[in-house]
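Pasting final00.txt here (compact mmCIF, N, CA and C atoms):
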```txt
# COMPACT_ATOMS: atom_id res chain seq x y z
N SER A 1 0.83 -1.19 0.00
CA SER A 1 0.00 0.00 0.00
C SER A 1 0.87 1.24 0.00
N LYS A 2 0.24 2.37 -0.26
CA LYS A 2 0.97 3.63 -0.33
C LYS A 2 1.60 3.98 1.01
N ASP A 3 0.86 3.78 2.12
CA ASP A 3 1.39 4.14 3.43
C ASP A 3 2.63 3.32 3.76
N MET A 4 2.59 2.03 3.48
CA MET A 4 3.74 1.18 3.78
C MET A 4 4.94 1.60 2.91
N MET A 5 4.68 1.92 1.66
CA MET A 5 5.75 2.31 0.74
C MET A 5 6.37 3.64 1.20
N CYS A 6 5.54 4.60 1.57
CA CYS A 6 6.05 5.93 1.92
C CYS A 6 6.75 5.94 3.27
N LYS A 7 6.20 5.23 4.25
CA LYS A 7 6.79 5.25 5.59
C LYS A 7 8.12 4.51 5.64
N ASN A 8 8.33 3.55 4.76
CA ASN A 8 9.57 2.78 4.76
C ASN A 8 10.61 3.34 3.80
N GLY A 9 10.28 4.38 3.08
CA GLY A 9 11.24 5.00 2.18
C GLY A 9 11.56 4.16 0.95
N LEU A 10 10.61 3.36 0.51
CA LEU A 10 10.85 2.53 -0.67
C LEU A 10 10.75 3.37 -1.93
N GLU A 11 11.56 3.04 -2.92
CA GLU A 11 11.55 3.75 -4.19
C GLU A 11 11.01 2.84 -5.27
N ALA A 12 10.11 3.40 -6.08
CA ALA A 12 9.53 2.64 -7.19
C ALA A 12 10.61 2.31 -8.21
N ASN A 13 10.54 1.12 -8.78
CA ASN A 13 11.45 0.59 -9.79
C ASN A 13 12.87 0.41 -9.27
N VAL A 14 13.08 0.63 -7.97
CA VAL A 14 14.37 0.31 -7.35
C VAL A 14 14.14 -0.81 -6.33
N ASP A 15 13.26 -0.55 -5.36
CA ASP A 15 12.96 -1.54 -4.34
C ASP A 15 11.81 -2.46 -4.74
N PHE A 16 10.99 -2.05 -5.66
CA PHE A 16 9.87 -2.86 -6.12
C PHE A 16 9.47 -2.40 -7.51
N ASN A 17 8.67 -3.20 -8.19
CA ASN A 17 8.11 -2.86 -9.49
C ASN A 17 6.60 -2.83 -9.38
N TRP A 18 5.97 -1.90 -10.08
CA TRP A 18 4.52 -1.83 -10.10
C TRP A 18 3.98 -3.06 -10.81
N THR A 19 2.87 -3.56 -10.34
CA THR A 19 2.27 -4.76 -10.94
C THR A 19 1.04 -4.43 -11.78
N THR A 20 0.79 -3.18 -12.04
CA THR A 20 -0.37 -2.80 -12.83
C THR A 20 -0.08 -3.01 -14.31
N GLN A 21 -1.12 -3.37 -15.05
CA GLN A 21 -0.96 -3.54 -16.49
C GLN A 21 -0.79 -2.18 -17.18
N ARG A 22 -1.57 -1.21 -16.72
CA ARG A 22 -1.50 0.13 -17.29
C ARG A 22 -1.01 1.08 -16.22
N THR A 23 -0.16 1.98 -16.60
CA THR A 23 0.29 2.98 -15.64
C THR A 23 -0.45 4.28 -15.87
N SER A 24 -0.29 5.19 -14.97
CA SER A 24 -0.86 6.53 -15.11
C SER A 24 0.28 7.53 -15.01
N PHE A 25 -0.02 8.78 -15.34
CA PHE A 25 1.05 9.77 -15.22
C PHE A 25 1.43 9.98 -13.76
N ALA A 26 0.54 9.69 -12.83
CA ALA A 26 0.87 9.81 -11.41
C ALA A 26 1.96 8.81 -11.03
N ILE A 27 1.89 7.61 -11.55
CA ILE A 27 2.92 6.61 -11.29
C ILE A 27 4.18 6.93 -12.08
N ASP A 28 4.01 7.28 -13.36
CA ASP A 28 5.17 7.56 -14.21
C ASP A 28 5.97 8.75 -13.72
N TRP A 29 5.29 9.78 -13.21
CA TRP A 29 5.97 10.99 -12.77
C TRP A 29 6.28 10.98 -11.27
N GLY A 30 5.93 9.92 -10.56
CA GLY A 30 6.27 9.80 -9.15
C GLY A 30 5.47 10.67 -8.21
N PHE A 31 4.18 10.83 -8.48
CA PHE A 31 3.32 11.65 -7.62
C PHE A 31 2.75 10.82 -6.47
N TYR A 32 3.59 10.42 -5.58
CA TYR A 32 3.19 9.71 -4.38
C TYR A 32 4.22 10.05 -3.31
N CYS A 33 3.91 9.78 -2.08
CA CYS A 33 4.80 10.07 -0.95
C CYS A 33 5.17 11.55 -0.87
N GLY A 34 4.19 12.38 -0.64
CA GLY A 34 4.43 13.80 -0.47
C GLY A 34 4.25 14.62 -1.73
N GLU A 35 4.20 13.99 -2.87
CA GLU A 35 4.01 14.70 -4.13
C GLU A 35 2.57 14.58 -4.64
N ASP A 36 1.71 13.93 -3.88
CA ASP A 36 0.35 13.68 -4.36
C ASP A 36 -0.50 14.94 -4.46
N VAL A 37 -0.07 16.03 -3.84
CA VAL A 37 -0.81 17.28 -3.96
C VAL A 37 -0.78 17.80 -5.39
N LYS A 38 0.23 17.41 -6.15
CA LYS A 38 0.34 17.86 -7.54
C LYS A 38 -0.83 17.34 -8.39
N LEU A 39 -1.41 16.22 -8.01
CA LEU A 39 -2.57 15.71 -8.73
C LEU A 39 -3.76 16.65 -8.58
N SER A 40 -3.95 17.19 -7.39
CA SER A 40 -5.05 18.13 -7.17
C SER A 40 -4.83 19.43 -7.92
N VAL A 41 -3.59 19.83 -8.07
CA VAL A 41 -3.28 21.07 -8.78
C VAL A 41 -3.64 20.93 -10.26
N VAL A 42 -3.44 19.74 -10.82
CA VAL A 42 -3.79 19.52 -12.22
C VAL A 42 -5.29 19.75 -12.43
N THR A 43 -6.11 19.23 -11.53
CA THR A 43 -7.55 19.44 -11.63
C THR A 43 -7.91 20.91 -11.40
N SER A 44 -7.24 21.55 -10.46
CA SER A 44 -7.53 22.95 -10.17
C SER A 44 -7.23 23.84 -11.37
N PHE A 45 -6.17 23.54 -12.10
CA PHE A 45 -5.82 24.36 -13.26
C PHE A 45 -6.86 24.21 -14.36
N PHE A 46 -7.50 23.05 -14.45
CA PHE A 46 -8.60 22.90 -15.41
C PHE A 46 -9.70 23.91 -15.10
N PHE A 47 -10.03 24.06 -13.82
CA PHE A 47 -11.10 24.97 -13.45
C PHE A 47 -10.67 26.44 -13.52
N VAL A 48 -9.38 26.72 -13.43
CA VAL A 48 -8.91 28.08 -13.70
C VAL A 48 -9.20 28.42 -15.16
N GLY A 49 -8.87 27.50 -16.06
CA GLY A 49 -9.19 27.71 -17.47
C GLY A 49 -10.68 27.78 -17.71
N ALA A 50 -11.45 27.00 -16.97
CA ALA A 50 -12.91 27.03 -17.12
C ALA A 50 -13.46 28.40 -16.74
N CYS A 51 -12.96 28.98 -15.65
CA CYS A 51 -13.42 30.31 -15.25
C CYS A 51 -13.05 31.35 -16.30
N LEU A 52 -11.84 31.25 -16.82
CA LEU A 52 -11.44 32.18 -17.89
C LEU A 52 -12.31 31.99 -19.13
N GLY A 53 -12.64 30.74 -19.44
CA GLY A 53 -13.49 30.47 -20.58
C GLY A 53 -14.90 31.03 -20.41
N LEU A 54 -15.43 30.92 -19.22
CA LEU A 54 -16.77 31.47 -18.97
C LEU A 54 -16.77 33.00 -19.07
N ILE A 55 -15.70 33.61 -18.59
CA ILE A 55 -15.62 35.07 -18.65
C ILE A 55 -15.44 35.54 -20.09
N CYS A 56 -14.58 34.86 -20.84
CA CYS A 56 -14.27 35.29 -22.22
C CYS A 56 -15.31 34.84 -23.23
N SER A 57 -16.15 33.88 -22.85
CA SER A 57 -17.09 33.33 -23.85
C SER A 57 -18.08 34.38 -24.35
N THR A 58 -18.46 35.31 -23.50
CA THR A 58 -19.41 36.33 -23.96
C THR A 58 -18.80 37.19 -25.06
N ALA A 59 -17.54 37.55 -24.91
CA ALA A 59 -16.86 38.35 -25.95
C ALA A 59 -16.69 37.53 -27.23
N ILE A 60 -16.40 36.25 -27.08
CA ILE A 60 -16.24 35.39 -28.25
C ILE A 60 -17.58 35.25 -28.98
N PHE A 61 -18.64 35.02 -28.23
CA PHE A 61 -19.96 34.85 -28.85
C PHE A 61 -20.45 36.14 -29.51
N ASP A 62 -20.14 37.28 -28.91
CA ASP A 62 -20.54 38.55 -29.50
C ASP A 62 -19.78 38.85 -30.79
N SER A 63 -18.53 38.41 -30.86
CA SER A 63 -17.73 38.75 -32.04
C SER A 63 -17.93 37.79 -33.20
N VAL A 64 -18.09 36.48 -32.93
CA VAL A 64 -18.20 35.52 -34.04
C VAL A 64 -19.52 34.76 -34.05
N GLY A 65 -20.35 34.95 -33.06
CA GLY A 65 -21.61 34.22 -32.98
C GLY A 65 -21.50 33.00 -32.08
N ARG A 66 -22.65 32.50 -31.65
CA ARG A 66 -22.65 31.37 -30.72
C ARG A 66 -22.20 30.08 -31.37
N LYS A 67 -22.66 29.84 -32.59
CA LYS A 67 -22.31 28.58 -33.26
C LYS A 67 -20.81 28.48 -33.51
N TYR A 68 -20.24 29.52 -34.12
CA TYR A 68 -18.81 29.49 -34.40
C TYR A 68 -17.98 29.61 -33.12
N GLY A 69 -18.50 30.35 -32.15
CA GLY A 69 -17.82 30.44 -30.86
C GLY A 69 -17.75 29.09 -30.17
N ALA A 70 -18.86 28.34 -30.21
CA ALA A 70 -18.86 27.00 -29.63
C ALA A 70 -17.90 26.08 -30.37
N LEU A 71 -17.87 26.19 -31.68
CA LEU A 71 -16.94 25.36 -32.46
C LEU A 71 -15.49 25.71 -32.15
N ILE A 72 -15.20 26.99 -32.01
CA ILE A 72 -13.85 27.41 -31.65
C ILE A 72 -13.46 26.85 -30.28
N GLY A 73 -14.37 26.93 -29.33
CA GLY A 73 -14.10 26.39 -28.00
C GLY A 73 -13.87 24.90 -28.02
N ILE A 74 -14.69 24.18 -28.79
CA ILE A 74 -14.53 22.72 -28.87
C ILE A 74 -13.19 22.36 -29.50
N VAL A 75 -12.79 23.10 -30.53
CA VAL A 75 -11.50 22.84 -31.17
C VAL A 75 -10.34 23.13 -30.20
N ILE A 76 -10.43 24.23 -29.47
CA ILE A 76 -9.38 24.55 -28.49
C ILE A 76 -9.31 23.48 -27.41
N GLY A 77 -10.47 23.08 -26.87
CA GLY A 77 -10.49 22.05 -25.84
C GLY A 77 -9.98 20.71 -26.33
N THR A 78 -10.36 20.34 -27.55
CA THR A 78 -9.91 19.08 -28.12
C THR A 78 -8.40 19.10 -28.38
N ALA A 79 -7.91 20.23 -28.85
CA ALA A 79 -6.46 20.35 -29.08
C ALA A 79 -5.69 20.23 -27.76
N GLY A 80 -6.18 20.90 -26.72
CA GLY A 80 -5.52 20.80 -25.41
C GLY A 80 -5.53 19.39 -24.87
N THR A 81 -6.65 18.69 -25.06
CA THR A 81 -6.75 17.30 -24.59
C THR A 81 -5.83 16.39 -25.39
N THR A 82 -5.83 16.55 -26.70
CA THR A 82 -5.02 15.68 -27.56
C THR A 82 -3.53 15.89 -27.32
N ILE A 83 -3.11 17.12 -27.23
CA ILE A 83 -1.68 17.39 -26.96
C ILE A 83 -1.30 16.89 -25.57
N GLY A 84 -2.22 16.99 -24.62
CA GLY A 84 -1.96 16.53 -23.26
C GLY A 84 -1.67 15.05 -23.14
N ILE A 85 -2.12 14.27 -24.11
CA ILE A 85 -1.84 12.84 -24.09
C ILE A 85 -0.35 12.57 -24.21
N PHE A 86 0.35 13.40 -24.94
CA PHE A 86 1.76 13.16 -25.25
C PHE A 86 2.73 13.95 -24.38
N VAL A 87 2.24 14.65 -23.37
CA VAL A 87 3.08 15.51 -22.54
C VAL A 87 3.83 14.69 -21.51
N HIS A 88 5.09 15.05 -21.31
CA HIS A 88 5.91 14.37 -20.31
C HIS A 88 6.49 15.33 -19.28
N HIS A 89 5.98 16.57 -19.23
CA HIS A 89 6.45 17.56 -18.27
C HIS A 89 5.26 18.12 -17.50
N TYR A 90 5.44 18.22 -16.20
CA TYR A 90 4.35 18.62 -15.31
C TYR A 90 3.86 20.03 -15.61
N HIS A 91 4.74 20.99 -15.77
CA HIS A 91 4.33 22.38 -15.97
C HIS A 91 3.64 22.57 -17.32
N LEU A 92 4.07 21.83 -18.31
CA LEU A 92 3.38 21.89 -19.60
C LEU A 92 1.98 21.28 -19.48
N MET A 93 1.86 20.24 -18.66
CA MET A 93 0.54 19.65 -18.40
C MET A 93 -0.39 20.66 -17.74
N LEU A 94 0.14 21.46 -16.83
CA LEU A 94 -0.68 22.48 -16.18
C LEU A 94 -1.16 23.52 -17.19
N ALA A 95 -0.27 23.96 -18.07
CA ALA A 95 -0.67 24.93 -19.08
C ALA A 95 -1.73 24.35 -20.01
N LEU A 96 -1.57 23.10 -20.38
CA LEU A 96 -2.55 22.47 -21.26
C LEU A 96 -3.89 22.26 -20.56
N ARG A 97 -3.87 22.03 -19.27
CA ARG A 97 -5.14 21.91 -18.53
C ARG A 97 -5.89 23.23 -18.51
N VAL A 98 -5.19 24.36 -18.43
CA VAL A 98 -5.85 25.66 -18.52
C VAL A 98 -6.47 25.83 -19.90
N ILE A 99 -5.72 25.49 -20.94
CA ILE A 99 -6.24 25.59 -22.30
C ILE A 99 -7.43 24.66 -22.49
N GLN A 100 -7.32 23.46 -21.96
CA GLN A 100 -8.41 22.49 -22.07
C GLN A 100 -9.66 23.00 -21.36
N GLY A 101 -9.52 23.50 -20.16
CA GLY A 101 -10.67 24.02 -19.43
C GLY A 101 -11.29 25.21 -20.12
N PHE A 102 -10.44 26.10 -20.65
CA PHE A 102 -10.94 27.26 -21.38
C PHE A 102 -11.77 26.80 -22.58
N GLY A 103 -11.22 25.94 -23.40
CA GLY A 103 -11.92 25.50 -24.59
C GLY A 103 -13.19 24.72 -24.29
N GLN A 104 -13.11 23.83 -23.32
CA GLN A 104 -14.29 23.02 -23.01
C GLN A 104 -15.44 23.89 -22.51
N PHE A 105 -15.16 24.85 -21.66
CA PHE A 105 -16.26 25.65 -21.12
C PHE A 105 -16.79 26.67 -22.12
N VAL A 106 -15.93 27.17 -23.02
CA VAL A 106 -16.45 28.01 -24.10
C VAL A 106 -17.37 27.18 -24.98
N GLY A 107 -16.94 25.97 -25.31
CA GLY A 107 -17.76 25.08 -26.14
C GLY A 107 -19.06 24.70 -25.46
N TRP A 108 -18.98 24.30 -24.20
CA TRP A 108 -20.19 23.88 -23.48
C TRP A 108 -21.17 25.04 -23.32
N THR A 109 -20.65 26.23 -23.02
CA THR A 109 -21.52 27.38 -22.86
C THR A 109 -22.21 27.74 -24.17
N GLY A 110 -21.46 27.68 -25.26
CA GLY A 110 -22.03 27.98 -26.57
C GLY A 110 -23.10 26.98 -26.97
N VAL A 111 -22.82 25.71 -26.74
CA VAL A 111 -23.82 24.68 -27.07
C VAL A 111 -25.05 24.83 -26.19
N TYR A 112 -24.85 25.13 -24.92
CA TYR A 112 -25.97 25.33 -24.01
C TYR A 112 -26.85 26.50 -24.47
N CYS A 113 -26.22 27.60 -24.86
CA CYS A 113 -26.98 28.76 -25.33
C CYS A 113 -27.74 28.43 -26.62
N LEU A 114 -27.11 27.67 -27.49
CA LEU A 114 -27.79 27.28 -28.73
C LEU A 114 -29.00 26.40 -28.45
N VAL A 115 -28.87 25.47 -27.52
CA VAL A 115 -29.97 24.57 -27.19
C VAL A 115 -31.12 25.32 -26.53
N ILE A 116 -30.79 26.25 -25.65
CA ILE A 116 -31.81 27.02 -24.94
C ILE A 116 -32.62 27.89 -25.92
N GLU A 117 -31.97 28.38 -26.98
CA GLU A 117 -32.67 29.25 -27.92
C GLU A 117 -33.71 28.51 -28.74
N PHE A 118 -33.54 27.23 -28.90
CA PHE A 118 -34.49 26.50 -29.75
C PHE A 118 -35.41 25.73 -28.93
```
Using structure tokens, write down the structure from this file.
Amino acid sequence: SKDMMCKNGLEANVDFNWTTQRTSFAIDWGFYCGEDVKLSVVTSFFFVGACLGLICSTAIFDSVGRKYGALIGIVIGTAGTTIGIFVHHYHLMLALRVIQGFGQFVGWTGVYCLVIEF
């Protein structure tokens, strides 16, 4: 377990090997034993981007329209998600999570407004 591993000072891939078939970036980047707070920061940065997306979405919708604004947001969010699959650096992952949150919430807000109008 994590507690036994952390309290005894064991190192992954030195003192033991993971037995999971699939790994996660938390295991690959060593986010355990005091580094697990970084996982929460990744989620928090998504919502920072989401707040920025909600604030900026009105200006985007006013300038290009709701339909094109929603499409722009979906493309930005999809690009952030797709690029994030291949990232191997924590700080770049944080920047991409802001971009992903921004795009997703601009897209979701635009689609919501379009649905409400009809």
### Task
State, in Å with one decimal place, the distance from atom N of Val98 (chain A) to CA of Ser57 (chain A).
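One can read the atom N of Val98 (chain A) to CA of Ser57 (chain A) distance as 15.9 Å.
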### Query
In Å, how far is it from atom N of Gly103 (chain A) to atom C of Gly73 (chain A)?
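Going from atom N of Gly103 (chain A) over to atom C of Gly73 (chain A) covers 5.4 Å.
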### Query
When distances are computed from all atoms listed in the file, which of A:Asp62, A:Val37, A:Ile74, A:Glu117 shows the smallest separation from Gln104 (chain A)?
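The shortest atom-to-atom distance to Gln104 (chain A) comes from A:Ile74.
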### Task
Kindly indicate which residue among A:Ser24, A:Phe102, A:Leu52, A:Asp36 lies nearest to Ile72 (chain A), using all atoms listed in the file for the distances.
A:Phe102
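Considering the residues A:Phe118, A:Val64, A:Ile55, A:Gly77 and counting all atoms listed in the file, Gly101 (chain A) has its shortest atom-to-atom contact with A:Gly77.
What separates atom C of Val106 (chain A) from atom C of Leu54 (chain A) is a distance of 8.3 Å.
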### Task
Please provide as a PyMOL selection string all residues within 9 Å of Lys67 (chain A), with the sequence filter that same-chain residues fewer than 5 positions apart are discarded (counting only C-alpha atoms).
chain A and resi 61+72+110-111+114
### Message
Restricting the calculation to only N, CA and C atoms: of A:Ile76, A:Ile99, A:Ala70, A:Leu94, which residue gets closest to Ala50 (chain A)?
### Response
A:Ile99
### Query
Residues of region 15-96 of chain A in alpha helix (DSSP H) according to DSSP, as a PyMOL selection string?
chain A and resi 25-28+37-64+66-85+90-96
### Message
Set the distance at 6.5 Å and use all atoms listed in the file: which residues neighbour Arg97 (chain A) once local chain neighbours fewer than 3 positions away are removed? I'd like the list as a list in words.
### Response
Val42, Phe45, Phe46, Phe47, Gly49, Gly80, Leu92, Met93, Leu94, Gln100, Gly101 and Phe102 of chain A
### Message
With distances taken over only C-alpha atoms, which residue among A:Thr82, A:Val41, A:Ala26, A:Cys113 lies nearest Gly65 (chain A)?
### Response
A:Cys113
Complete the atoms of region 53-75 of chain A to N, CA, C and O atoms and put them out as a compact mmCIF listing (two decimals), in the coordinates of the input.
```txt
# COMPACT_ATOMS: atom_id res chain seq x y z
N GLY A 53 -12.64 30.74 -19.44
CA GLY A 53 -13.49 30.47 -20.58
C GLY A 53 -14.90 31.03 -20.41
O GLY A 53 -15.48 31.57 -21.36
N LEU A 54 -15.43 30.92 -19.22
CA LEU A 54 -16.77 31.47 -18.97
C LEU A 54 -16.77 33.00 -19.07
O LEU A 54 -17.71 33.59 -19.58
N ILE A 55 -15.70 33.61 -18.59
CA ILE A 55 -15.62 35.07 -18.65
C ILE A 55 -15.44 35.54 -20.09
O ILE A 55 -16.07 36.50 -20.54
N CYS A 56 -14.58 34.86 -20.84
CA CYS A 56 -14.27 35.29 -22.22
C CYS A 56 -15.31 34.84 -23.23
O CYS A 56 -15.33 35.35 -24.36
N SER A 57 -16.15 33.88 -22.85
CA SER A 57 -17.09 33.33 -23.85
C SER A 57 -18.08 34.38 -24.35
O SER A 57 -18.47 34.36 -25.51
N THR A 58 -18.46 35.31 -23.50
CA THR A 58 -19.41 36.33 -23.96
C THR A 58 -18.80 37.19 -25.06
O THR A 58 -19.47 37.50 -26.06
N ALA A 59 -17.54 37.55 -24.91
CA ALA A 59 -16.86 38.35 -25.95
C ALA A 59 -16.69 37.53 -27.23
O ALA A 59 -16.85 38.05 -28.33
N ILE A 60 -16.40 36.25 -27.08
CA ILE A 60 -16.24 35.39 -28.25
C ILE A 60 -17.58 35.25 -28.98
O ILE A 60 -17.64 35.36 -30.20
N PHE A 61 -18.64 35.02 -28.23
CA PHE A 61 -19.96 34.85 -28.85
C PHE A 61 -20.45 36.14 -29.51
O PHE A 61 -21.10 36.10 -30.55
N ASP A 62 -20.14 37.28 -28.91
CA ASP A 62 -20.54 38.55 -29.50
C ASP A 62 -19.78 38.85 -30.79
O ASP A 62 -20.32 39.48 -31.70
N SER A 63 -18.53 38.41 -30.86
CA SER A 63 -17.73 38.75 -32.04
C SER A 63 -17.93 37.79 -33.20
O SER A 63 -17.93 38.22 -34.36
N VAL A 64 -18.09 36.48 -32.93
CA VAL A 64 -18.20 35.52 -34.04
C VAL A 64 -19.52 34.76 -34.05
O VAL A 64 -19.76 33.97 -34.95
N GLY A 65 -20.35 34.95 -33.06
CA GLY A 65 -21.61 34.22 -32.98
C GLY A 65 -21.50 33.00 -32.08
O GLY A 65 -20.41 32.52 -31.80
N ARG A 66 -22.65 32.50 -31.65
CA ARG A 66 -22.65 31.37 -30.72
C ARG A 66 -22.20 30.08 -31.37
O ARG A 66 -21.47 29.29 -30.77
N LYS A 67 -22.66 29.84 -32.59
CA LYS A 67 -22.31 28.58 -33.26
C LYS A 67 -20.81 28.48 -33.51
O LYS A 67 -20.17 27.49 -33.15
N TYR A 68 -20.24 29.52 -34.12
CA TYR A 68 -18.81 29.49 -34.40
C TYR A 68 -17.98 29.61 -33.12
O TYR A 68 -16.90 29.04 -33.02
N GLY A 69 -18.50 30.35 -32.15
CA GLY A 69 -17.82 30.44 -30.86
C GLY A 69 -17.75 29.09 -30.17
O GLY A 69 -16.72 28.72 -29.59
N ALA A 70 -18.86 28.34 -30.21
CA ALA A 70 -18.86 27.00 -29.63
C ALA A 70 -17.90 26.08 -30.37
O ALA A 70 -17.16 25.30 -29.74
N LEU A 71 -17.87 26.19 -31.68
CA LEU A 71 -16.94 25.36 -32.46
C LEU A 71 -15.49 25.71 -32.15
O LEU A 71 -14.63 24.82 -32.03
N ILE A 72 -15.20 26.99 -32.01
CA ILE A 72 -13.85 27.41 -31.65
C ILE A 72 -13.46 26.85 -30.28
O ILE A 72 -12.36 26.33 -30.09
N GLY A 73 -14.37 26.93 -29.33
CA GLY A 73 -14.10 26.39 -28.00
C GLY A 73 -13.87 24.90 -28.02
O GLY A 73 -12.96 24.39 -27.35
N ILE A 74 -14.69 24.18 -28.79
CA ILE A 74 -14.53 22.72 -28.87
C ILE A 74 -13.19 22.36 -29.50
O ILE A 74 -12.50 21.44 -29.05
N VAL A 75 -12.79 23.10 -30.53
CA VAL A 75 -11.50 22.84 -31.17
C VAL A 75 -10.34 23.13 -30.20
O VAL A 75 -9.40 22.33 -30.10
```
